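Data file: start04.txt. Format and content: compact mmCIF, C-alpha atoms.
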```txt
# COMPACT_ATOMS: atom_id res chain seq x y z
CA MET A 218 11.76 -21.51 -2.74
CA ASP A 219 9.54 -24.48 -2.08
CA PHE A 220 6.66 -24.43 0.34
CA MET A 221 3.67 -26.61 1.07
CA ILE A 222 0.13 -25.84 2.14
CA ARG A 223 -1.44 -28.30 4.56
CA ALA A 224 -4.23 -28.50 7.12
CA ALA A 225 -3.17 -27.24 10.55
CA THR A 226 -2.83 -29.67 13.47
CA PRO A 227 -3.23 -28.87 17.19
CA GLU A 228 0.59 -28.73 17.40
CA ASP A 229 0.59 -25.82 14.94
CA CYS A 230 -1.42 -23.61 17.30
CA LYS A 231 1.68 -22.11 18.91
CA ASP A 232 2.91 -20.95 15.48
CA ILE A 233 -0.57 -19.79 14.47
CA SER A 234 -0.85 -17.80 17.71
CA ARG A 235 2.55 -16.23 17.04
CA MET A 236 1.47 -15.21 13.55
CA ILE A 237 -1.93 -13.91 14.76
CA MET A 238 0.04 -11.52 16.96
CA GLU A 239 2.35 -10.56 14.06
CA LEU A 240 -0.74 -9.76 11.95
CA ALA A 241 -2.26 -7.70 14.78
CA VAL A 242 0.99 -5.71 15.06
CA TYR A 243 0.89 -5.09 11.28
CA GLU A 244 -2.72 -3.85 11.67
CA ASN A 245 -1.64 -1.54 14.54
CA MET A 246 -3.85 -3.32 17.10
CA PRO A 247 -1.58 -5.66 19.11
CA ASP A 248 -3.45 -5.00 22.36
CA GLN A 249 -6.62 -6.45 20.83
CA VAL A 250 -5.44 -10.08 20.83
CA LYS A 251 -7.09 -11.74 23.81
CA ILE A 252 -6.90 -15.45 23.06
CA SER A 253 -4.02 -17.86 23.60
CA HIS A 254 -2.80 -20.86 21.62
CA GLU A 255 -4.64 -23.09 24.13
CA VAL A 256 -7.95 -21.45 23.19
CA LEU A 257 -7.14 -22.01 19.49
CA GLU A 258 -6.47 -25.69 20.23
CA GLN A 259 -9.82 -26.04 21.99
CA ASP A 260 -11.89 -24.12 19.48
CA GLY A 261 -10.30 -25.39 16.28
CA PHE A 262 -9.82 -29.04 17.09
CA CYS A 263 -12.86 -30.05 19.11
CA LYS A 264 -15.79 -32.13 17.89
CA ASN A 265 -17.60 -29.23 16.21
CA PRO A 266 -14.72 -26.84 15.46
CA PHE A 267 -15.41 -23.11 15.29
CA PHE A 268 -12.83 -22.68 12.56
CA HIS A 269 -10.51 -24.47 10.15
CA CYS A 270 -6.93 -23.54 9.45
CA LEU A 271 -4.32 -24.08 6.76
CA VAL A 272 -0.62 -23.44 7.27
CA ALA A 273 2.20 -22.78 4.84
CA GLU A 274 5.44 -24.57 5.67
CA VAL A 275 8.93 -24.32 4.19
CA ALA A 276 11.69 -26.90 4.19
CA GLU A 277 14.28 -26.81 7.00
CA GLN A 278 16.89 -24.97 4.94
CA TYR A 279 14.55 -21.99 4.58
CA ARG A 280 13.64 -21.68 8.26
CA THR A 281 13.75 -18.19 9.76
CA THR A 282 16.57 -16.95 12.01
CA GLU A 283 14.39 -17.91 15.03
CA GLY A 284 13.94 -21.39 13.56
CA TYR A 285 10.36 -21.20 12.27
CA THR A 286 9.29 -23.32 9.29
CA VAL A 287 5.57 -22.55 9.54
CA ILE A 288 5.55 -19.15 7.84
CA GLY A 289 1.94 -18.41 6.87
CA TYR A 290 -1.64 -19.39 7.66
CA ALA A 291 -5.26 -18.94 6.63
CA LEU A 292 -8.06 -19.27 9.19
CA PHE A 293 -11.61 -19.71 7.91
CA PHE A 294 -15.08 -21.03 8.72
CA TYR A 295 -18.34 -21.78 6.93
CA THR A 296 -21.17 -19.25 6.77
CA TYR A 297 -24.55 -19.00 5.07
CA SER A 298 -26.40 -16.63 2.78
CA THR A 299 -30.18 -17.05 2.73
CA TRP A 300 -30.10 -15.93 -0.89
CA LYS A 301 -27.09 -17.78 -2.26
CA GLY A 302 -26.44 -20.64 0.17
CA ARG A 303 -23.18 -22.00 1.53
CA SER A 304 -20.25 -19.62 1.84
CA VAL A 305 -16.83 -19.53 3.40
CA TYR A 306 -15.43 -16.66 5.44
CA MET A 307 -11.69 -16.16 5.53
CA GLU A 308 -11.01 -14.59 8.92
CA ASP A 309 -7.20 -14.32 8.55
CA LEU A 310 -4.66 -14.60 5.75
CA TYR A 311 -1.05 -13.96 6.72
CA VAL A 312 2.44 -14.61 5.39
CA MET A 313 5.57 -13.58 7.31
CA PRO A 314 7.14 -10.54 5.56
CA GLU A 315 10.34 -12.30 4.47
CA PHE A 316 8.28 -14.91 2.58
CA ARG A 317 6.08 -12.48 0.66
CA GLY A 318 6.09 -11.15 -2.83
CA GLU A 319 8.56 -13.48 -4.49
CA PHE A 320 6.20 -14.43 -7.27
CA PRO A 321 3.22 -12.05 -7.49
CA GLY A 322 0.10 -14.14 -7.92
CA LYS A 323 2.00 -17.39 -7.46
CA GLY A 324 3.33 -17.05 -3.95
CA VAL A 325 2.43 -18.27 -0.49
CA GLY A 326 -0.51 -15.90 0.08
CA THR A 327 -2.10 -16.82 -3.23
CA ALA A 328 -1.61 -20.52 -2.54
CA LEU A 329 -3.24 -20.25 0.88
CA MET A 330 -6.21 -18.27 -0.43
CA SER A 331 -6.60 -20.65 -3.37
CA LYS A 332 -6.68 -23.61 -1.04
CA VAL A 333 -9.41 -21.94 1.06
CA ALA A 334 -11.42 -21.39 -2.15
CA GLN A 335 -10.83 -25.01 -3.19
CA VAL A 336 -11.86 -26.43 0.20
CA GLY A 337 -14.93 -24.19 0.08
CA LYS A 338 -15.76 -25.37 -3.41
CA GLU A 339 -15.62 -29.01 -2.25
CA GLN A 340 -18.34 -28.09 0.26
CA GLN A 341 -20.37 -26.41 -2.51
CA CYS A 342 -19.70 -22.90 -1.24
CA VAL A 343 -20.51 -20.18 -3.77
CA ARG A 344 -18.87 -17.24 -2.00
CA LEU A 345 -15.63 -16.45 -0.22
CA GLN A 346 -15.84 -13.37 2.00
CA PHE A 347 -13.30 -11.55 4.18
CA SER A 348 -12.44 -8.08 5.52
CA VAL A 349 -9.57 -5.74 4.76
CA LEU A 350 -8.52 -2.54 6.50
CA ASN A 351 -9.21 0.37 4.20
CA TRP A 352 -5.67 1.78 4.54
CA ASN A 353 -4.01 -1.58 3.82
CA THR A 354 -3.18 -0.85 0.18
CA PRO A 355 -0.87 -3.84 -0.48
CA SER A 356 -3.62 -6.21 0.70
CA LEU A 357 -6.41 -4.37 -1.14
CA ASP A 358 -4.33 -4.55 -4.34
CA PHE A 359 -3.63 -8.25 -3.75
CA TYR A 360 -7.33 -9.04 -3.33
CA LYS A 361 -8.59 -6.81 -6.15
CA ALA A 362 -6.13 -8.48 -8.52
CA LYS A 363 -7.94 -11.72 -7.71
CA GLY A 364 -11.33 -10.26 -8.63
CA ALA A 365 -12.57 -9.43 -5.13
CA GLN A 366 -15.27 -6.77 -4.85
CA ASP A 367 -15.35 -4.20 -2.05
CA LEU A 368 -18.95 -4.49 -0.78
CA THR A 369 -18.55 -1.58 1.64
CA ASP A 370 -17.62 0.78 -1.21
CA SER A 371 -19.93 -0.64 -3.87
CA GLU A 372 -23.06 -1.41 -1.82
CA GLY A 373 -22.61 0.36 1.52
CA TRP A 374 -22.33 -2.71 3.77
CA HIS A 375 -21.21 -2.05 7.34
CA VAL A 376 -20.55 -4.62 10.04
CA LEU A 377 -22.12 -3.84 13.39
CA ARG A 378 -21.16 -5.51 16.64
CA PHE A 379 -22.55 -6.17 20.10
CA ASP A 380 -19.90 -7.05 22.67
CA GLY A 381 -19.09 -6.50 26.35
CA GLU A 382 -21.86 -4.99 28.44
CA ALA A 383 -24.07 -4.21 25.45
CA LEU A 384 -24.13 -7.93 24.55
CA ASP A 385 -24.94 -8.95 28.14
CA LYS A 386 -27.72 -6.36 28.26
CA LEU A 387 -29.15 -7.57 24.95
CA ALA A 388 -29.14 -11.20 26.13
CA GLN A 389 -30.91 -10.27 29.36
CA MET A 390 -33.84 -8.90 27.38
CA ALA A 391 -34.56 -12.34 25.86
CA PRO A 392 -38.05 -13.67 26.62
CA LYS A 393 -37.97 -16.31 29.30
CA ASN A 394 -40.35 -18.76 27.63
CA MET B 237 -49.80 -9.71 21.66
CA VAL B 238 -48.47 -13.00 22.98
CA TYR B 239 -45.75 -14.71 20.97
CA THR B 240 -43.09 -17.34 21.57
CA ILE B 241 -39.51 -17.52 20.37
CA ARG B 242 -38.23 -21.04 19.78
CA VAL B 243 -35.56 -23.00 17.95
CA ALA B 244 -36.57 -23.82 14.36
CA THR B 245 -37.19 -27.40 13.26
CA LEU B 246 -36.99 -29.03 9.83
CA GLU B 247 -40.76 -28.49 9.43
CA ASP B 248 -40.28 -24.73 9.82
CA CYS B 249 -38.21 -24.50 6.63
CA LYS B 250 -41.35 -23.98 4.55
CA ASP B 251 -42.21 -20.85 6.57
CA ILE B 252 -38.60 -19.65 6.75
CA TYR B 253 -38.40 -19.92 2.98
CA ARG B 254 -41.71 -18.10 2.60
CA MET B 255 -40.38 -15.25 4.75
CA ILE B 256 -37.03 -15.12 2.89
CA MET B 257 -39.03 -14.67 -0.32
CA GLU B 258 -41.29 -12.05 1.30
CA LEU B 259 -38.26 -10.00 2.24
CA ALA B 260 -36.67 -10.38 -1.20
CA LYS B 261 -39.95 -9.49 -2.93
CA HIS B 262 -40.33 -6.42 -0.71
CA GLU B 263 -36.78 -5.33 -1.67
CA LYS B 264 -37.70 -6.06 -5.32
CA VAL B 265 -34.92 -8.60 -5.69
CA SER B 266 -36.81 -11.94 -5.76
CA ASP B 267 -34.63 -13.11 -8.63
CA GLN B 268 -31.61 -12.85 -6.32
CA VAL B 269 -32.74 -15.80 -4.19
CA LYS B 270 -30.93 -18.80 -5.66
CA ILE B 271 -31.59 -21.36 -2.94
CA ALA B 272 -34.67 -23.58 -2.62
CA GLN B 273 -36.53 -24.76 0.49
CA ARG B 274 -34.72 -28.08 0.11
CA ASP B 275 -31.35 -26.31 0.48
CA LEU B 276 -32.46 -24.80 3.78
CA GLU B 277 -33.50 -28.25 4.98
CA GLN B 278 -30.19 -29.84 3.99
CA ASP B 279 -27.94 -26.99 5.05
CA GLY B 280 -29.63 -26.23 8.37
CA PHE B 281 -30.66 -29.63 9.63
CA SER B 282 -28.00 -32.09 8.62
CA LYS B 283 -25.09 -33.46 10.67
CA ASN B 284 -22.88 -30.37 10.33
CA PRO B 285 -25.34 -27.51 9.80
CA PHE B 286 -24.23 -24.31 8.09
CA PHE B 287 -26.70 -22.27 10.12
CA GLN B 288 -29.08 -22.22 13.09
CA SER B 289 -32.50 -20.62 13.14
CA ILE B 290 -35.09 -19.37 15.60
CA ILE B 291 -38.75 -18.66 14.92
CA ALA B 292 -41.30 -16.25 16.37
CA GLU B 293 -44.72 -17.85 16.56
CA VAL B 294 -48.14 -16.47 17.54
CA PRO B 295 -51.12 -18.49 18.83
CA GLU B 296 -53.90 -19.55 16.41
CA GLN B 297 -56.13 -16.57 17.21
CA HIS B 298 -53.46 -14.12 16.05
CA ARG B 299 -52.48 -15.86 12.84
CA SER B 300 -52.17 -13.76 9.68
CA LYS B 301 -54.94 -13.41 7.11
CA ASP B 302 -53.20 -16.09 5.04
CA GLY B 303 -53.23 -18.40 8.04
CA HIS B 304 -49.59 -18.13 9.08
CA SER B 305 -48.69 -18.38 12.76
CA LYS B 306 -44.92 -18.26 12.16
CA VAL B 307 -44.41 -14.53 11.82
CA GLY B 308 -40.69 -13.89 12.17
CA TYR B 309 -37.32 -15.60 12.09
CA ALA B 310 -33.64 -15.06 12.68
CA LEU B 311 -30.89 -17.07 11.02
CA TYR B 312 -27.40 -17.18 12.52
CA PHE B 313 -24.20 -19.23 12.67
CA PHE B 314 -21.11 -19.50 14.81
CA ALA B 315 -18.06 -17.62 13.65
CA TYR B 316 -14.57 -16.93 14.97
CA SER B 317 -12.32 -14.00 15.72
CA SER B 318 -8.62 -14.88 15.85
CA TRP B 319 -8.29 -12.05 18.39
CA LYS B 320 -11.31 -12.59 20.63
CA GLY B 321 -12.44 -16.19 20.05
CA ARG B 322 -15.95 -17.52 19.55
CA SER B 323 -18.58 -15.25 18.06
CA VAL B 324 -22.04 -15.46 16.56
CA TYR B 325 -23.11 -13.88 13.27
CA MET B 326 -26.72 -12.90 12.65
CA GLU B 327 -27.34 -13.34 8.92
CA ASP B 328 -31.09 -12.56 8.81
CA LEU B 329 -33.62 -10.91 11.11
CA TYR B 330 -37.17 -10.59 9.79
CA VAL B 331 -40.65 -9.93 11.16
CA MET B 332 -43.73 -9.85 8.89
CA PRO B 333 -44.83 -6.20 8.47
CA GLU B 334 -48.17 -6.60 10.25
CA TYR B 335 -46.39 -7.98 13.36
CA ARG B 336 -43.83 -5.26 13.75
CA GLY B 337 -43.73 -2.73 16.56
CA LYS B 338 -44.47 -5.39 19.21
CA GLY B 339 -40.91 -6.19 20.22
CA ILE B 340 -40.63 -9.42 18.21
CA GLY B 341 -37.50 -8.31 16.33
CA LYS B 342 -35.78 -7.32 19.56
CA ALA B 343 -36.83 -10.61 21.16
CA LEU B 344 -35.34 -12.63 18.27
CA MET B 345 -32.07 -10.70 18.42
CA SER B 346 -31.97 -11.04 22.17
CA LYS B 347 -32.42 -14.82 21.92
CA ILE B 348 -29.45 -15.05 19.56
CA ALA B 349 -27.36 -13.05 22.05
CA GLN B 350 -28.44 -15.44 24.83
CA LEU B 351 -27.71 -18.57 22.80
CA GLY B 352 -24.38 -17.08 21.72
CA LEU B 353 -23.28 -16.28 25.27
CA ALA B 354 -24.33 -19.79 26.36
CA ALA B 355 -22.04 -21.20 23.66
CA GLY B 356 -19.09 -19.14 24.90
CA CYS B 357 -19.31 -16.35 22.35
CA ASN B 358 -18.31 -12.79 23.24
CA GLN B 359 -19.44 -10.98 20.08
CA LEU B 360 -22.61 -10.79 18.02
CA ASN B 361 -21.92 -9.42 14.54
CA PHE B 362 -24.22 -8.62 11.61
CA ALA B 363 -24.31 -6.37 8.54
CA VAL B 364 -26.46 -3.38 7.71
CA LEU B 365 -26.53 -1.20 4.59
CA ASN B 366 -25.25 2.19 5.65
CA TRP B 367 -27.99 4.05 3.73
CA ASN B 368 -30.67 2.12 5.66
CA LYS B 369 -30.90 4.88 8.26
CA GLU B 370 -33.91 3.43 10.10
CA SER B 371 -32.18 0.09 10.73
CA MET B 372 -28.83 1.72 11.51
CA ASP B 373 -30.41 4.04 14.07
CA PHE B 374 -32.36 1.17 15.63
CA TYR B 375 -29.33 -1.09 16.05
CA LEU B 376 -27.03 1.66 17.29
CA SER B 377 -29.67 2.63 19.85
CA GLN B 378 -29.53 -0.95 21.16
CA GLY B 379 -25.87 -0.54 22.08
CA CYS B 380 -23.91 -2.01 19.20
CA TRP B 381 -21.11 -0.19 17.37
CA ASP B 382 -20.15 0.19 13.72
CA VAL B 383 -16.95 -1.84 13.15
CA THR B 384 -16.62 -0.59 9.57
CA THR B 385 -16.65 3.08 10.56
CA GLY B 386 -14.84 2.54 13.85
CA LEU B 387 -11.95 0.38 12.68
CA ASP B 388 -12.00 0.98 8.91
CA TYR B 389 -12.64 -2.62 7.89
CA HIS B 390 -14.22 -3.15 4.47
CA CYS B 391 -16.27 -6.24 3.58
CA MET B 392 -14.87 -8.08 0.58
CA ARG B 393 -16.22 -10.88 -1.57
CA CYS B 394 -15.04 -13.29 -4.26
CA GLU B 395 -17.73 -15.15 -6.19
CA GLY B 396 -18.59 -16.45 -9.68
CA PRO B 397 -15.76 -16.60 -12.22
CA ALA B 398 -13.27 -14.90 -9.85
CA LEU B 399 -13.89 -17.59 -7.20
CA GLU B 400 -13.63 -20.38 -9.79
CA ALA B 401 -10.29 -19.01 -11.01
CA LEU B 402 -9.01 -18.72 -7.45
CA ALA B 403 -10.03 -22.30 -6.63
CA ARG B 404 -8.34 -23.58 -9.79
CA GLY B 405 -5.03 -21.83 -8.91
CA ASP B 406 -2.50 -24.38 -8.00
CA PRO B 407 -1.12 -24.63 -4.48
CA LYS B 408 2.41 -26.02 -4.57
CA ASN B 409 1.79 -29.32 -2.78
```
Written form, structure tokens:
Amino acid sequence: MDFMIRAATPEDCKDISRMIMELAVYENMPDQVKISHEVLEQDGFCKNPFFHCLVAEVAEQYRTTEGYTVIGYALFFYTYSTWKGRSVYMEDLYVMPEFRGEFPGKGVGTALMSKVAQVGKEQQCVRLQFSVLNWNTPSLDFYKAKGAQDLTDSEGWHVLRFDGEALDKLAQMAPKN
Amino acid sequence: MVYTIRVATLEDCKDIYRMIMELAKHEKVSDQVKIAQRDLEQDGFSKNPFFQSIIAEVPEQHRSKDGHSKVGYALYFFAYSSWKGRSVYMEDLYVMPEYRGKGIGKALMSKIAQLGLAAGCNQLNFAVLNWNKESMDFYLSQGCWDVTTGLDYHCMRCEGPALEALARGDPKN
């Protein structure tokens, strides 16, 4: 089956939003999705976008029963390491279930991730980072087969977060100079 | 002690680099720092910067024995959650040892939170080594939560030969 990987356009945001929800359902956290396709359009396609996105598209004859031809996406943005320099962070990688696994290592997911790495390389990025749920064995296997290291297991890295009231409270402490 | 927190300028890169090296030297990993001061200047102060930075500065009379008045920094960038939207990521937070215990670290972190909220962000994320009990306890006491423990997310990385191989792989365009 043929597919192509291309940069997302604002018009793709409805499909991307649909697939974000599908991914959240897969991760057992559908109630956590708070942003709409309009927010994606604003944040990804403004003058200084907060993210970049690639989509995987199949030809008309392979469209799903609901009529979708955009069947996968990767959402990423640039980050920085004060030791190593420019990096890229892959926030989401998703392929609709019926389009997975046809050619291990050569399929849609691999192509999307490869393209993120390539785009990053063009910007002189030396790292590609992302997160995986610890119980998500198919994904962990997929990433480890590509040479990814688990920094939480190997080095003990944990991500901490301020949000909601705690974030407001923290901001209020800022010096007023 | 009086100090100010302000946005970093190109001229501050010399001091930011000095402090990056101080931290690496203290952790006995100076050889791990692969970027030069010039990279900070290009990557932080060009048209599409990869990061933002804020500096903690003390007045002349409180400068260090080596004559430094820039005594702390925080480096951050804007990130994105496909579930929650705009977020800010704090990559580095550092205060020179002799200036700790005066609230400078908290003030730097607070400023990032403020700048993040002003930019429409609703999360401030950062990473801590789980065996660094002192830091962990400090941050948790400030009201943040551990996403790795709480939601079971693991941080993953591709670099070096693995990243090269991945980039060379051939998308079917």
Report task. Counting only C-alpha atoms, collect the residues of chain B whose closest atom lies at most 7 Å from chain A, and write them out as a PyMOL selection string. Result -> chain B and resi 240+268-271+286-287+313-321+343+346-347+349-350+358-367+379-384+388-395+398-399+402-403+405-409
Output C-alpha atoms of each residue in that selection to a file, as a PDB file, in the frame of the given file.
```
ATOM      1  CA  THR B 240     -43.090 -17.340  21.570  1.00  0.00           C
ATOM      2  CA  GLN B 268     -31.610 -12.850  -6.320  1.00  0.00           C
ATOM      3  CA  VAL B 269     -32.740 -15.800  -4.190  1.00  0.00           C
ATOM      4  CA  LYS B 270     -30.930 -18.800  -5.660  1.00  0.00           C
ATOM      5  CA  ILE B 271     -31.590 -21.360  -2.940  1.00  0.00           C
ATOM      6  CA  PHE B 286     -24.230 -24.310   8.090  1.00  0.00           C
ATOM      7  CA  PHE B 287     -26.700 -22.270  10.120  1.00  0.00           C
ATOM      8  CA  PHE B 313     -24.200 -19.230  12.670  1.00  0.00           C
ATOM      9  CA  PHE B 314     -21.110 -19.500  14.810  1.00  0.00           C
ATOM     10  CA  ALA B 315     -18.060 -17.620  13.650  1.00  0.00           C
ATOM     11  CA  TYR B 316     -14.570 -16.930  14.970  1.00  0.00           C
ATOM     12  CA  SER B 317     -12.320 -14.000  15.720  1.00  0.00           C
ATOM     13  CA  SER B 318      -8.620 -14.880  15.850  1.00  0.00           C
ATOM     14  CA  TRP B 319      -8.290 -12.050  18.390  1.00  0.00           C
ATOM     15  CA  LYS B 320     -11.310 -12.590  20.630  1.00  0.00           C
ATOM     16  CA  GLY B 321     -12.440 -16.190  20.050  1.00  0.00           C
ATOM     17  CA  ALA B 343     -36.830 -10.610  21.160  1.00  0.00           C
ATOM     18  CA  SER B 346     -31.970 -11.040  22.170  1.00  0.00           C
ATOM     19  CA  LYS B 347     -32.420 -14.820  21.920  1.00  0.00           C
ATOM     20  CA  ALA B 349     -27.360 -13.050  22.050  1.00  0.00           C
ATOM     21  CA  GLN B 350     -28.440 -15.440  24.830  1.00  0.00           C
ATOM     22  CA  ASN B 358     -18.310 -12.790  23.240  1.00  0.00           C
ATOM     23  CA  GLN B 359     -19.440 -10.980  20.080  1.00  0.00           C
ATOM     24  CA  LEU B 360     -22.610 -10.790  18.020  1.00  0.00           C
ATOM     25  CA  ASN B 361     -21.920  -9.420  14.540  1.00  0.00           C
ATOM     26  CA  PHE B 362     -24.220  -8.620  11.610  1.00  0.00           C
ATOM     27  CA  ALA B 363     -24.310  -6.370   8.540  1.00  0.00           C
ATOM     28  CA  VAL B 364     -26.460  -3.380   7.710  1.00  0.00           C
ATOM     29  CA  LEU B 365     -26.530  -1.200   4.590  1.00  0.00           C
ATOM     30  CA  ASN B 366     -25.250   2.190   5.650  1.00  0.00           C
ATOM     31  CA  TRP B 367     -27.990   4.050   3.730  1.00  0.00           C
ATOM     32  CA  GLY B 379     -25.870  -0.540  22.080  1.00  0.00           C
ATOM     33  CA  CYS B 380     -23.910  -2.010  19.200  1.00  0.00           C
ATOM     34  CA  TRP B 381     -21.110  -0.190  17.370  1.00  0.00           C
ATOM     35  CA  ASP B 382     -20.150   0.190  13.720  1.00  0.00           C
ATOM     36  CA  VAL B 383     -16.950  -1.840  13.150  1.00  0.00           C
ATOM     37  CA  THR B 384     -16.620  -0.590   9.570  1.00  0.00           C
ATOM     38  CA  ASP B 388     -12.000   0.980   8.910  1.00  0.00           C
ATOM     39  CA  TYR B 389     -12.640  -2.620   7.890  1.00  0.00           C
ATOM     40  CA  HIS B 390     -14.220  -3.150   4.470  1.00  0.00           C
ATOM     41  CA  CYS B 391     -16.270  -6.240   3.580  1.00  0.00           C
ATOM     42  CA  MET B 392     -14.870  -8.080   0.580  1.00  0.00           C
ATOM     43  CA  ARG B 393     -16.220 -10.880  -1.570  1.00  0.00           C
ATOM     44  CA  CYS B 394     -15.040 -13.290  -4.260  1.00  0.00           C
ATOM     45  CA  GLU B 395     -17.730 -15.150  -6.190  1.00  0.00           C
ATOM     46  CA  ALA B 398     -13.270 -14.900  -9.850  1.00  0.00           C
ATOM     47  CA  LEU B 399     -13.890 -17.590  -7.200  1.00  0.00           C
ATOM     48  CA  LEU B 402      -9.010 -18.720  -7.450  1.00  0.00           C
ATOM     49  CA  ALA B 403     -10.030 -22.300  -6.630  1.00  0.00           C
ATOM     50  CA  GLY B 405      -5.030 -21.830  -8.910  1.00  0.00           C
ATOM     51  CA  ASP B 406      -2.500 -24.380  -8.000  1.00  0.00           C
ATOM     52  CA  PRO B 407      -1.120 -24.630  -4.480  1.00  0.00           C
ATOM     53  CA  LYS B 408       2.410 -26.020  -4.570  1.00  0.00           C
ATOM     54  CA  ASN B 409       1.790 -29.320  -2.780  1.00  0.00           C
TER      55      ASN B 409
END
```
Query raised in the report: Interatomic distance between atom CA of B:Thr245 and atom CA of A:Gln341?
Result: 23.1 Å
Query raised in the report: How many Å lie between atom CA of A:Glu258 and atom CA of B:Leu311, rounded to one decimal?
Result: 27.5 Å
Requested in this report: Could you jot down the atom CA of B:Leu351 to atom CA of B:Ser289 separation for me, Å, one decimal place?
Outcome: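 Separating atom CA of B:Leu351 from atom CA of B:Ser289 is a distance of 11.0 Å.
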Please provide as an mmCIF file with C-alpha atoms, in the coordinates of the input all residues within 8 Å of stretch 282-287 of chain A, with the sequence filter that same-chain residues fewer than 5 positions apart are discarded (counting only C-alpha atoms).
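Contents of part_25.cif, freshly written:
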```cif
data_model
loop_
_atom_site.group_PDB
_atom_site.id
_atom_site.type_symbol
_atom_site.label_atom_id
_atom_site.label_comp_id
_atom_site.auth_asym_id
_atom_site.auth_seq_id
_atom_site.Cartn_x
_atom_site.Cartn_y
_atom_site.Cartn_z
ATOM 1 C CA ASP A 232 2.910 -20.950 15.480
ATOM 2 C CA VAL A 272 -0.620 -23.440 7.270
ATOM 3 C CA ALA A 273 2.200 -22.780 4.840
ATOM 4 C CA GLU A 274 5.440 -24.570 5.670
ATOM 5 C CA VAL A 275 8.930 -24.320 4.190
ATOM 6 C CA ALA A 276 11.690 -26.900 4.190
ATOM 7 C CA GLU A 277 14.280 -26.810 7.000
#
```
